[in-house]
file data_25.txt (compact mmCIF, C-alpha atoms)
# COMPACT_ATOMS: atom_id res chain seq x y z
CA MET B 166 67.37 119.32 119.16
CA ALA B 167 68.26 116.25 117.08
CA ASP B 168 71.39 116.14 114.93
CA ILE B 169 70.91 116.70 111.22
CA ALA B 170 71.48 113.41 109.41
CA THR B 171 74.38 113.22 107.01
CA ASP B 172 74.44 111.36 103.70
CA LEU B 173 77.72 109.55 104.24
CA ALA B 174 79.25 108.96 107.65
CA LEU B 175 82.86 107.89 107.48
CA VAL B 176 85.67 107.02 109.87
CA ALA B 177 89.29 106.95 108.70
CA GLY B 178 91.64 106.02 111.52
CA GLU B 179 95.04 106.94 110.10
CA THR B 180 96.76 108.92 107.36
CA SER B 181 96.74 106.12 104.78
CA GLY B 182 93.01 105.54 105.28
CA ASP B 183 92.37 109.26 105.02
CA LEU B 184 94.12 109.31 101.65
CA LEU B 185 92.31 106.21 100.36
CA ALA B 186 88.92 107.55 101.41
CA SER B 187 89.53 110.99 99.93
CA VAL B 188 90.04 109.55 96.44
CA VAL B 189 86.66 107.83 96.57
CA LEU B 190 84.87 110.76 98.22
CA LYS B 191 86.08 112.99 95.41
CA GLY B 192 84.49 110.58 92.93
CA LEU B 193 81.23 110.46 94.85
CA LYS B 194 81.00 114.23 95.05
CA ALA B 195 81.54 114.47 91.30
CA ARG B 196 78.38 112.40 90.94
CA GLN B 197 76.49 114.00 93.83
CA PRO B 198 77.79 117.55 94.40
CA ALA B 199 75.44 118.15 97.32
CA LEU B 200 76.58 115.01 99.17
CA HIS B 201 77.35 115.72 102.82
CA ALA B 202 80.06 113.51 104.33
CA ALA B 203 81.16 113.73 107.95
CA GLY B 204 82.77 111.75 110.77
CA ILE B 205 86.44 111.24 111.61
CA GLY B 206 89.08 112.06 109.03
CA GLY B 207 92.18 114.05 108.18
CA SER B 208 93.42 116.71 105.82
CA ALA B 209 92.96 114.72 102.59
CA LEU B 210 89.26 114.15 103.30
CA ILE B 211 88.78 117.72 104.53
CA ARG B 212 90.12 119.00 101.20
CA GLU B 213 87.23 117.14 99.54
CA GLY B 214 84.65 118.94 101.69
CA PHE B 215 84.51 116.38 104.51
CA GLU B 216 83.29 117.62 107.91
CA ALA B 217 85.63 116.22 110.57
CA TRP B 218 83.86 115.91 113.90
CA TRP B 219 87.10 114.63 115.43
CA PRO B 220 90.64 114.86 114.03
CA ILE B 221 92.25 111.70 112.72
CA GLU B 222 95.07 111.96 115.27
CA LYS B 223 92.66 110.86 118.00
CA LEU B 224 92.62 107.34 116.52
CA ALA B 225 96.15 107.10 115.11
CA VAL B 226 97.47 104.79 117.85
CA ARG B 227 99.06 101.40 117.23
CA GLY B 228 100.08 98.55 119.53
CA TYR B 229 98.23 96.97 122.45
CA VAL B 230 100.02 98.88 125.19
CA GLU B 231 99.80 102.17 123.30
CA VAL B 232 96.05 101.71 122.73
CA LEU B 233 95.52 100.99 126.43
CA ARG B 234 97.00 104.37 127.30
CA HIS B 235 94.37 106.08 125.14
CA TYR B 236 91.62 103.50 125.62
CA ARG B 237 89.21 105.62 127.65
CA GLU B 238 89.34 108.54 125.23
CA ILE B 239 89.01 106.32 122.13
CA VAL B 240 86.06 104.39 123.57
CA GLY B 241 84.45 107.67 124.59
CA ILE B 242 84.75 109.00 121.05
CA ARG B 243 83.24 105.82 119.62
CA LYS B 244 80.32 105.92 122.06
CA THR B 245 79.59 109.57 121.32
CA LEU B 246 79.85 108.98 117.56
CA GLN B 247 77.59 105.93 117.77
CA GLU B 248 74.94 107.90 119.65
CA ARG B 249 75.14 110.74 117.17
CA LEU B 250 74.77 108.43 114.17
CA LEU B 251 71.89 106.47 115.69
CA ASN B 252 70.13 109.70 116.62
CA ALA B 253 70.42 110.92 113.02
CA PRO B 254 71.16 107.84 110.87
CA PRO B 255 73.19 108.43 107.71
CA ARG B 256 72.28 106.95 104.36
CA LEU B 257 75.47 104.92 104.59
CA PHE B 258 78.35 104.36 107.00
CA VAL B 259 81.82 103.57 105.66
CA GLY B 260 84.53 102.40 108.02
CA VAL B 261 87.94 102.84 106.41
CA ASP B 262 90.36 100.26 107.79
CA ALA B 263 90.92 100.78 111.60
CA PRO B 264 89.00 97.55 112.37
CA ASP B 265 89.47 97.70 116.15
CA PHE B 266 87.61 100.99 116.23
CA ASN B 267 85.26 100.53 113.30
CA LEU B 268 83.95 96.97 113.58
CA PRO B 269 82.17 97.40 116.96
CA LEU B 270 80.72 100.70 115.74
CA GLU B 271 79.64 99.10 112.46
CA GLN B 272 77.97 96.21 114.26
CA ALA B 273 75.92 98.62 116.38
CA LEU B 274 74.89 100.63 113.33
CA LYS B 275 74.06 97.57 111.22
CA SER B 276 71.86 96.18 114.00
CA GLN B 277 69.76 99.35 113.74
CA GLY B 278 69.40 99.11 109.97
CA VAL B 279 72.12 101.50 108.85
CA PRO B 280 73.80 100.16 105.68
CA VAL B 281 77.47 99.52 106.43
CA VAL B 282 80.46 99.17 104.10
CA HIS B 283 83.97 98.42 105.30
CA PHE B 284 86.70 99.78 103.03
CA VAL B 285 89.91 97.71 103.14
CA CYS B 286 89.45 94.15 104.27
CA PRO B 287 91.01 93.45 107.68
CA SER B 288 94.15 91.39 107.19
CA ILE B 289 92.55 88.14 108.34
CA TRP B 290 94.88 86.36 105.90
CA ALA B 291 97.89 87.62 107.87
CA TRP B 292 96.77 87.49 111.49
CA ARG B 293 93.68 87.22 113.72
CA PRO B 294 91.66 84.97 111.34
CA GLU B 295 88.86 84.78 113.91
CA ARG B 296 88.02 88.39 113.08
CA ILE B 297 86.17 87.21 109.97
CA HIS B 298 83.19 86.28 112.17
CA GLN B 299 83.07 89.78 113.64
CA LEU B 300 83.35 91.21 110.14
CA LYS B 301 80.36 89.19 108.97
CA ALA B 302 78.26 90.42 111.90
CA SER B 303 79.28 94.03 111.37
CA VAL B 304 79.07 94.84 107.67
CA ASP B 305 76.85 94.53 104.62
CA HIS B 306 79.67 94.79 102.11
CA VAL B 307 83.47 95.01 101.94
CA LEU B 308 85.53 96.94 99.41
CA CYS B 309 88.72 94.94 98.90
CA ILE B 310 91.97 96.40 97.61
CA PHE B 311 93.60 93.02 96.95
CA PRO B 312 92.09 90.48 94.50
CA PHE B 313 92.56 87.35 96.63
CA GLU B 314 90.37 88.75 99.42
CA VAL B 315 87.01 88.49 97.59
CA PRO B 316 86.90 84.66 97.35
CA LEU B 317 88.22 84.41 100.91
CA LEU B 318 85.33 86.51 102.21
CA ALA B 319 82.83 84.68 100.00
CA GLN B 320 83.68 81.45 101.81
CA ALA B 321 82.40 83.10 105.00
CA GLY B 322 79.26 84.45 103.33
CA ILE B 323 80.45 88.07 103.15
CA THR B 324 79.74 89.99 99.95
CA ALA B 325 82.68 91.96 98.63
CA THR B 326 83.95 93.85 95.61
CA TYR B 327 87.54 94.04 94.41
CA VAL B 328 88.15 97.70 93.60
CA GLY B 329 91.92 97.63 93.22
CA HIS B 330 94.13 99.97 95.17
CA PRO B 331 92.82 103.55 94.89
CA LEU B 332 96.33 104.93 94.64
CA ALA B 333 97.54 102.56 91.92
CA PRO B 334 95.93 104.44 88.98
CA LEU B 335 97.20 107.75 90.36
CA ILE B 336 100.84 106.68 90.53
CA PRO B 337 102.75 106.72 87.23
CA MET B 338 104.36 103.49 86.10
CA GLU B 339 107.62 105.41 85.66
CA PRO B 340 107.90 108.17 88.30
CA ASN B 341 109.95 111.26 87.45
CA ARG B 342 112.79 111.18 89.98
CA ALA B 343 114.59 114.28 88.67
CA LEU B 344 111.44 116.42 88.89
CA ALA B 345 110.72 115.17 92.42
CA ARG B 346 114.23 116.10 93.59
CA GLN B 347 113.89 119.51 92.02
CA THR B 348 110.50 120.00 93.73
CA LEU B 349 111.96 119.16 97.14
CA ASN B 350 115.22 121.03 96.51
CA LEU B 351 117.27 117.86 96.99
CA PRO B 352 120.73 117.35 95.45
CA ALA B 353 120.23 116.01 91.93
CA GLY B 354 123.29 113.76 91.76
CA SER B 355 123.51 112.42 95.32
CA PRO B 356 122.21 109.11 96.64
CA ILE B 357 118.92 109.87 98.42
CA VAL B 358 117.40 107.78 101.20
CA ALA B 359 113.83 108.53 102.29
CA LEU B 360 113.22 107.91 105.99
CA LEU B 361 109.57 107.13 106.74
CA PRO B 362 109.18 106.28 110.45
CA GLY B 363 105.38 106.18 110.27
CA SER B 364 102.46 108.54 110.79
CA ARG B 365 101.53 107.61 114.36
CA ALA B 366 103.14 109.19 117.40
CA SER B 367 104.04 105.74 118.76
CA GLU B 368 105.79 104.82 115.50
CA VAL B 369 107.82 108.01 115.52
CA LYS B 370 108.71 107.37 119.16
CA TYR B 371 110.02 103.86 118.56
CA LEU B 372 111.52 104.22 115.07
CA LEU B 373 112.79 107.75 114.42
CA GLY B 374 115.84 107.45 116.70
CA ARG B 375 116.81 104.15 115.08
CA PHE B 376 116.41 105.61 111.60
CA LEU B 377 118.52 108.66 112.44
CA ALA B 378 121.26 106.51 113.95
CA ALA B 379 121.19 104.35 110.81
CA ALA B 380 121.45 107.50 108.68
CA ALA B 381 124.64 108.50 110.51
CA LEU B 382 126.13 105.06 109.85
CA ILE B 383 125.16 105.19 106.17
CA ARG B 384 126.70 108.64 105.86
CA ALA B 385 129.91 107.40 107.43
CA GLN B 386 130.28 104.77 104.69
CA GLN B 387 128.73 106.75 101.84
CA PRO B 388 129.45 110.42 102.64
CA ASP B 389 127.51 111.97 99.75
CA THR B 390 124.21 110.39 100.84
CA HIS B 391 121.36 112.77 101.60
CA PHE B 392 118.22 111.92 103.56
CA VAL B 393 114.66 113.23 103.38
CA ILE B 394 111.95 112.78 106.01
CA PRO B 395 108.35 113.52 104.99
CA ALA B 396 106.85 114.42 108.37
CA VAL B 397 103.15 114.22 109.20
CA PRO B 398 102.24 117.80 110.18
CA ALA B 399 101.21 116.77 113.70
CA HIS B 400 104.73 115.43 114.39
CA ALA B 401 106.82 117.72 112.18
CA GLU B 402 108.13 120.03 114.90
CA ALA B 403 109.08 117.16 117.21
CA ILE B 404 110.84 115.40 114.33
CA ARG B 405 112.79 118.55 113.44
CA ARG B 406 113.93 118.93 117.06
CA GLN B 407 115.18 115.34 117.15
CA VAL B 408 116.88 115.64 113.77
CA ALA B 409 118.72 118.77 114.92
CA THR B 410 120.51 116.77 117.62
CA CYS B 411 121.54 113.76 115.51
CA ASP B 412 124.97 113.13 113.99
CA ALA B 413 123.74 113.32 110.39
CA CYS B 414 121.63 116.46 110.84
CA ASP B 415 123.44 118.42 108.10
CA SER B 416 122.46 115.81 105.50
CA ILE B 417 118.76 115.48 106.45
CA THR B 418 115.90 117.47 104.94
CA VAL B 419 112.60 117.40 106.85
CA ILE B 420 109.56 118.30 104.77
CA ASP B 421 105.90 118.74 105.72
CA GLY B 422 104.01 115.79 104.28
CA GLN B 423 104.71 115.06 100.59
CA SER B 424 105.58 111.43 101.31
CA HIS B 425 104.83 110.46 97.70
CA THR B 426 107.20 113.08 96.34
CA ALA B 427 109.88 111.87 98.76
CA LEU B 428 109.39 108.29 97.59
CA VAL B 429 109.74 109.35 93.96
CA ALA B 430 112.87 111.37 94.75
CA CYS B 431 114.71 108.67 96.70
CA ASP B 432 116.90 105.79 95.57
CA VAL B 433 116.04 103.66 98.61
CA THR B 434 113.59 104.08 101.49
CA LEU B 435 113.94 102.99 105.10
CA ILE B 436 110.29 102.64 106.00
CA ALA B 437 107.94 101.60 108.80
CA SER B 438 105.85 98.52 108.13
CA GLY B 439 102.36 99.52 107.05
CA THR B 440 100.41 100.81 104.08
CA ALA B 441 103.25 103.12 103.10
CA THR B 442 105.31 100.09 102.08
CA LEU B 443 102.79 99.33 99.36
CA GLU B 444 102.95 102.94 98.22
CA ALA B 445 106.73 102.60 98.02
CA ALA B 446 106.28 99.45 95.90
CA LEU B 447 103.94 101.30 93.53
CA PHE B 448 106.65 103.93 93.13
CA LYS B 449 109.04 101.02 92.32
CA ARG B 450 111.41 101.90 95.14
CA PRO B 451 113.69 99.39 96.87
CA MET B 452 113.11 99.49 100.61
CA VAL B 453 114.10 98.22 104.00
CA ILE B 454 111.02 97.59 106.13
CA ALA B 455 111.40 98.10 109.87
CA TYR B 456 109.19 98.07 112.93
CA ASN B 457 109.59 98.41 116.65
CA MET B 458 106.97 98.74 119.36
CA HIS B 459 106.47 98.27 123.08
CA TRP B 460 107.82 94.84 124.01
CA LEU B 461 104.47 93.60 125.37
CA SER B 462 102.60 94.67 122.24
CA TRP B 463 105.19 92.79 120.19
CA GLN B 464 104.82 89.59 122.23
CA ILE B 465 101.06 89.63 121.75
CA MET B 466 101.20 90.47 118.05
CA ARG B 467 103.86 87.95 117.07
CA ARG B 468 101.74 85.10 118.45
CA LYS B 469 98.85 86.07 116.16
CA ARG B 470 100.87 86.17 112.93
CA MET B 471 99.89 83.68 110.25
CA GLN B 472 102.49 84.41 107.59
CA ALA B 473 106.25 84.70 107.44
CA TRP B 474 106.03 88.27 106.14
CA VAL B 475 104.83 91.52 107.67
CA GLY B 476 105.45 93.98 104.83
CA LEU B 477 102.71 94.24 102.22
CA PRO B 478 105.09 93.98 99.23
CA ASN B 479 106.40 90.68 100.58
CA ILE B 480 102.91 89.38 101.40
CA LEU B 481 101.62 90.20 97.93
CA CYS B 482 104.68 88.68 96.25
CA GLN B 483 104.64 85.73 98.69
CA GLU B 484 108.38 85.98 99.27
CA PHE B 485 110.99 88.25 100.81
CA VAL B 486 111.52 90.60 97.89
CA VAL B 487 112.63 93.29 100.36
CA PRO B 488 114.21 92.86 103.81
CA GLU B 489 112.21 93.13 107.02
CA LEU B 490 113.90 94.04 110.31
CA LEU B 491 111.41 93.83 113.14
CA GLN B 492 111.65 94.60 116.85
CA ASP B 493 115.09 93.52 118.17
CA GLN B 494 116.36 93.09 114.61
CA ALA B 495 115.73 96.77 113.88
CA LYS B 496 119.15 97.87 115.12
CA PRO B 497 120.70 100.94 113.46
CA ALA B 498 123.74 98.99 112.24
CA ASP B 499 121.57 96.34 110.59
CA LEU B 500 119.22 98.91 109.09
CA ALA B 501 122.20 100.77 107.64
CA ARG B 502 123.71 97.55 106.27
CA GLU B 503 120.52 96.61 104.42
CA VAL B 504 120.10 100.08 102.93
CA LEU B 505 123.71 100.08 101.70
CA THR B 506 123.24 96.61 100.22
CA TRP B 507 120.69 98.03 97.77
CA PHE B 508 123.24 100.60 96.59
CA LYS B 509 125.87 97.90 96.13
CA HIS B 510 123.63 95.64 94.00
CA PRO B 511 121.89 97.63 91.23
CA GLU B 512 120.96 94.36 89.48
CA ARG B 513 118.72 93.54 92.46
CA ILE B 514 117.02 96.91 92.09
CA ASP B 515 116.30 96.24 88.40
CA ALA B 516 114.72 92.87 89.19
CA LEU B 517 112.68 94.35 92.03
CA GLN B 518 111.36 97.18 89.88
CA LYS B 519 110.15 94.68 87.27
CA ARG B 520 108.35 92.75 90.02
CA PHE B 521 106.77 95.91 91.38
CA THR B 522 105.65 96.96 87.90
CA GLU B 523 103.78 93.66 87.53
CA LEU B 524 102.17 94.23 90.92
CA HIS B 525 101.20 97.76 89.92
CA HIS B 526 99.31 96.46 86.88
CA VAL B 527 97.38 93.94 89.01
CA LEU B 528 96.35 96.60 91.53
CA THR B 529 95.35 99.14 88.88
CA GLN B 530 91.59 99.05 88.44
CA ASP B 531 88.97 101.74 87.91
CA THR B 532 88.78 102.02 91.69
CA VAL B 533 86.71 105.17 91.89
CA THR B 534 84.01 103.85 89.55
CA LEU B 535 83.88 100.42 91.18
CA ALA B 536 83.76 101.85 94.70
CA CYS B 537 81.31 104.64 93.89
CA ASP B 538 78.94 102.24 92.12
CA THR B 539 78.84 100.07 95.24
CA LEU B 540 78.48 102.98 97.66
CA GLU B 541 75.68 104.61 95.67
CA ARG B 542 73.85 101.30 95.53
CA MET B 543 74.17 100.97 99.30
CA MET B 544 73.04 104.58 99.88
CA ASP B 545 69.87 103.90 97.90
CA LYS B 546 68.70 101.56 100.64
CA VAL B 547 65.90 102.86 102.85
CA ARG B 548 67.21 105.10 105.61
CA PRO B 549 66.41 103.76 109.09
CA SER B 550 64.29 105.86 111.43
CA ALA B 551 66.12 108.00 113.95
CA VAL B 552 66.34 106.60 117.46
CA ALA B 553 64.02 108.49 119.74
call {"tool": "encode", "arguments": {"input": "data_25.txt", "output": "structure tokens"}}
result
Amino acid sequence: MADIATDLALVAGETSGDLLASVVLKGLKARQPALHAAGIGGSALIREGFEAWWPIEKLAVRGYVEVLRHYREIVGIRKTLQERLLNAPPRLFVGVDAPDFNLPLEQALKSQGVPVVHFVCPSIWAWRPERIHQLKASVDHVLCIFPFEVPLLAQAGITATYVGHPLAPLIPMEPNRALARQTLNLPAGSPIVALLPGSRASEVKYLLGRFLAAAALIRAQQPDTHFVIPAVPAHAEAIRRQVATCDACDSITVIDGQSHTALVACDVTLIASGTATLEAALFKRPMVIAYNMHWLSWQIMRRKRMQAWVGLPNILCQEFVVPELLQDQAKPADLAREVLTWFKHPERIDALQKRFTELHHVLTQDTVTLACDTLERMMDKVRPSAVA
């Protein structure tokens, strides 16, 4: 018996993509209440009525070596999903970020007449510029969250729409720090540092220990400092076990999710490089960006970099507005030093917050309307016939 075709097939490969996609899916379902959306996604999409055929954790792997360990399972999921979607073609497929997984799948679907939209332009402006050719072969349209991406794609003959960042309109220009601390039961008058080691298991593996060691060093110099870790539910128990054995355990609060509330509550965040750094910028928080991965993955990745910056706030501002400590530089003592530097120089924080406010205005568009208009237009295309 053939699968029942869905209206919108969607793949979100990590927590940030799940959140981005859920905002737009909510808008689509307001227009089309009977819309059926299914594929791979997480809790944010599921709350909007999304049917998750596989959990998002299956794809949340980063780094060449780490991906190799899960390669057979990931490829198997993509093959099974591709067969399912070709057997019962959706009105539209949307790949949310995760280009290594999504682009080959999108190319196969597009070749069979399924309309394809990629949400979040691959960072061809930062590394792997050759991927633009694969993007052109794989998609009909790209939804861009940064304004400079549309003309860049146009040069390659790829149609795109700048929709702004979906989270920007949802984040207040002036977050309420006192309310956030009260919500999380954090000390109102203490310095608060949010530790965000990432949402992937590999990120937690390589970064959490460094962050906890840095927390102990910060506490030694600034004893009243308190720390909060918003843990992805899949890793929460493991994080709590590791926190319980660290030197600063009595000053660390681990919470389930609520990363945005933690960012509002904190004075400074020590944060893994990734989409969360942009979220921190939208909350106007000073940060120290860190990353560490398997040494072989790092050697491969560093050779493909095209810009001096890795963190999105720095890339968008085109300068080091916040420090980046990557790989061997991400030592606990150096992480602690950079965090403490923010506390010692409040004038730097004021200047940074003004810069981030300007960025917030640029990224604030009517994202839901712009994205939904494009997706509905694409869904109105003729549905391809199911593969026999």
call {"tool": "closest_residue", "arguments": {"input": "data_25.txt", "among": "B:Leu210, B:Leu257, B:Met452, B:Leu200", "to": "B:Leu184", "atoms": "only C-alpha atoms"}}
result
B:Leu210
call {"tool": "atom_distance", "arguments": {"input": "data_25.txt", "atom1": "atom CA of B:Ala396", "atom2": "atom CA of B:Asp421"}}
result
5.2 Å
call {"tool": "residues_around", "arguments": {"input": "data_25.txt", "residues": "B:Glu402", "least_positions_apart": "5", "cutoff": "12 Å", "atoms": "all atoms listed in the file", "output": "ChimeraX atom specification"}}
result
/B:395-397,407-409,419-421
call {"tool": "closest_residue", "arguments": {"input": "data_25.txt", "among": "B:Thr245, B:Asn252, B:Gln483, B:Ser276", "to": "B:Thr171", "atoms": "all atoms listed in the file"}}
result
B:Asn252
call {"tool": "atom_distance", "arguments": {"input": "data_25.txt", "atom1": "atom CA of B:Thr348", "atom2": "atom CA of B:Asp415"}}
result
19.4 Å
call {"tool": "residues_near_point", "arguments": {"input": "data_25.txt", "point": "(112.5, 94.8, 119.2)", "cutoff": "6 Å", "atoms": "all atoms listed in the file", "output": "MDAnalysis selection string"}}
result
chainID B and resid 457 492:493
call {"tool": "write_last_selection", "arguments": {"input": "data_25.txt", "atoms": "C-alpha atoms", "output": "PDB file, in the coordinates of the input"}}
result
ATOM      1  CA  ASN B 457     109.590  98.410 116.650  1.00  0.00           C
ATOM      2  CA  GLN B 492     111.650  94.600 116.850  1.00  0.00           C
ATOM      3  CA  ASP B 493     115.090  93.520 118.170  1.00  0.00           C
TER       4      ASP B 493
END
call {"tool": "closest_residue", "arguments": {"input": "data_25.txt", "among": "B:Ile239, B:Ala441, B:Cys286, B:Val433", "to": "B:His510", "atoms": "all atoms listed in the file"}}
result
B:Val433
call {"tool": "residues_around", "arguments": {"input": "data_25.txt", "residues": "B:Gln423", "least_positions_apart": "3", "cutoff": "12 Å", "atoms": "all atoms listed in the file", "output": "compact mmCIF listing (two decimals) with C-alpha atoms, keeping the file's coordinate frame"}}
result
# COMPACT_ATOMS: atom_id res chain seq x y z
CA ALA B 209 92.96 114.72 102.59
CA ALA B 345 110.72 115.17 92.42
CA ARG B 346 114.23 116.10 93.59
CA THR B 348 110.50 120.00 93.73
CA LEU B 349 111.96 119.16 97.14
CA ALA B 359 113.83 108.53 102.29
CA LEU B 361 109.57 107.13 106.74
CA VAL B 393 114.66 113.23 103.38
CA ILE B 394 111.95 112.78 106.01
CA PRO B 395 108.35 113.52 104.99
CA ALA B 396 106.85 114.42 108.37
CA VAL B 397 103.15 114.22 109.20
CA PRO B 398 102.24 117.80 110.18
CA VAL B 419 112.60 117.40 106.85
CA ILE B 420 109.56 118.30 104.77
CA THR B 426 107.20 113.08 96.34
CA ALA B 427 109.88 111.87 98.76
CA LEU B 428 109.39 108.29 97.59
CA VAL B 429 109.74 109.35 93.96
CA ALA B 430 112.87 111.37 94.75
call {"tool": "atom_distance", "arguments": {"input": "data_25.txt", "atom1": "atom CA of B:Val453", "atom2": "atom CA of B:Ala437"}}
result
8.5 Å
call {"tool": "residues_near_point", "arguments": {"input": "data_25.txt", "point": "(75.7, 104.3, 100.5)", "cutoff": "10 Å", "atoms": "all atoms listed in the file", "output": "PDB file with C-alpha atoms, in the frame of the given file"}}
result
ATOM      1  CA  ASP B 172      74.440 111.360 103.700  1.00  0.00           C
ATOM      2  CA  LEU B 173      77.720 109.550 104.240  1.00  0.00           C
ATOM      3  CA  ALA B 174      79.250 108.960 107.650  1.00  0.00           C
ATOM      4  CA  PRO B 255      73.190 108.430 107.710  1.00  0.00           C
ATOM      5  CA  ARG B 256      72.280 106.950 104.360  1.00  0.00           C
ATOM      6  CA  LEU B 257      75.470 104.920 104.590  1.00  0.00           C
ATOM      7  CA  PHE B 258      78.350 104.360 107.000  1.00  0.00           C
ATOM      8  CA  VAL B 259      81.820 103.570 105.660  1.00  0.00           C
ATOM      9  CA  VAL B 279      72.120 101.500 108.850  1.00  0.00           C
ATOM     10  CA  PRO B 280      73.800 100.160 105.680  1.00  0.00           C
ATOM     11  CA  VAL B 281      77.470  99.520 106.430  1.00  0.00           C
ATOM     12  CA  VAL B 282      80.460  99.170 104.100  1.00  0.00           C
ATOM     13  CA  CYS B 537      81.310 104.640  93.890  1.00  0.00           C
ATOM     14  CA  ASP B 538      78.940 102.240  92.120  1.00  0.00           C
ATOM     15  CA  THR B 539      78.840 100.070  95.240  1.00  0.00           C
ATOM     16  CA  LEU B 540      78.480 102.980  97.660  1.00  0.00           C
ATOM     17  CA  GLU B 541      75.680 104.610  95.670  1.00  0.00           C
ATOM     18  CA  ARG B 542      73.850 101.300  95.530  1.00  0.00           C
ATOM     19  CA  MET B 543      74.170 100.970  99.300  1.00  0.00           C
ATOM     20  CA  MET B 544      73.040 104.580  99.880  1.00  0.00           C
ATOM     21  CA  ASP B 545      69.870 103.900  97.900  1.00  0.00           C
ATOM     22  CA  LYS B 546      68.700 101.560 100.640  1.00  0.00           C
ATOM     23  CA  ARG B 548      67.210 105.100 105.610  1.00  0.00           C
TER      24      ARG B 548
END
call {"tool": "closest_residue", "arguments": {"input": "data_25.txt", "among": "B:Leu193, B:Ile323, B:Ile336, B:Ile357", "to": "B:Asp432", "atoms": "all atoms listed in the file"}}
result
B:Ile357
call {"tool": "residues_around", "arguments": {"input": "data_25.txt", "residues": "B:Lys519", "least_positions_apart": "6", "cutoff": "12 Å", "atoms": "only C-alpha atoms", "output": "list in words"}}
result
Met338, Glu339, Ala446, Leu447, Phe448, Lys449, Arg450, Pro451, Val486, Glu512, Arg513, His525 and His526 of chain B
call {"tool": "write_last_selection", "arguments": {"input": "data_25.txt", "atoms": "C-alpha atoms", "output": "PDB file, in the coordinates of the input"}}
result
ATOM      1  CA  MET B 338     104.360 103.490  86.100  1.00  0.00           C
ATOM      2  CA  GLU B 339     107.620 105.410  85.660  1.00  0.00           C
ATOM      3  CA  ALA B 446     106.280  99.450  95.900  1.00  0.00           C
ATOM      4  CA  LEU B 447     103.940 101.300  93.530  1.00  0.00           C
ATOM      5  CA  PHE B 448     106.650 103.930  93.130  1.00  0.00           C
ATOM      6  CA  LYS B 449     109.040 101.020  92.320  1.00  0.00           C
ATOM      7  CA  ARG B 450     111.410 101.900  95.140  1.00  0.00           C
ATOM      8  CA  PRO B 451     113.690  99.390  96.870  1.00  0.00           C
ATOM      9  CA  VAL B 486     111.520  90.600  97.890  1.00  0.00           C
ATOM     10  CA  GLU B 512     120.960  94.360  89.480  1.00  0.00           C
ATOM     11  CA  ARG B 513     118.720  93.540  92.460  1.00  0.00           C
ATOM     12  CA  HIS B 525     101.200  97.760  89.920  1.00  0.00           C
ATOM     13  CA  HIS B 526      99.310  96.460  86.880  1.00  0.00           C
TER      14      HIS B 526
END
call {"tool": "residues_around", "arguments": {"input": "data_25.txt", "residues": "B:Leu372", "least_positions_apart": "6", "cutoff": "12 Å", "atoms": "only C-alpha atoms", "output": "list of chain:residue names"}}
result
B:Leu360, B:Leu361, B:Pro362, B:Gly363, B:Ser364, B:Arg365, B:Ala366, B:Ala378, B:Ala379, B:Ile404, B:Gln407, B:Leu435, B:Ile436, B:Ala437, B:Ser438, B:Ile454, B:Ala455, B:Tyr456, B:Asn457, B:Met458, B:His459, B:Leu490, B:Leu491, B:Gln492, B:Asp493, B:Ala495, B:Lys496, B:Pro497, B:Leu500
call {"tool": "closest_residue", "arguments": {"input": "data_25.txt", "among": "B:Cys431, B:Ala380, B:Ala325, B:Ala413", "to": "B:Gly354", "atoms": "only C-alpha atoms"}}
result
B:Cys431
call {"tool": "closest_residue", "arguments": {"input": "data_25.txt", "among": "B:Lys191, B:Arg293, B:Leu251, B:Gly178", "to": "B:Phe266", "atoms": "only C-alpha atoms"}}
result
B:Gly178
call {"tool": "axis_aligned_box", "arguments": {"input": "data_25.txt", "around": "stretch 364-377 of chain B", "padding_each_side": "3 Å", "output": "lines of an AutoDock Vina configuration file"}}
result
center_x = 110.0
center_y = 106.5
center_z = 115.0
size_x = 23.0
size_y = 11.3
size_z = 14.4
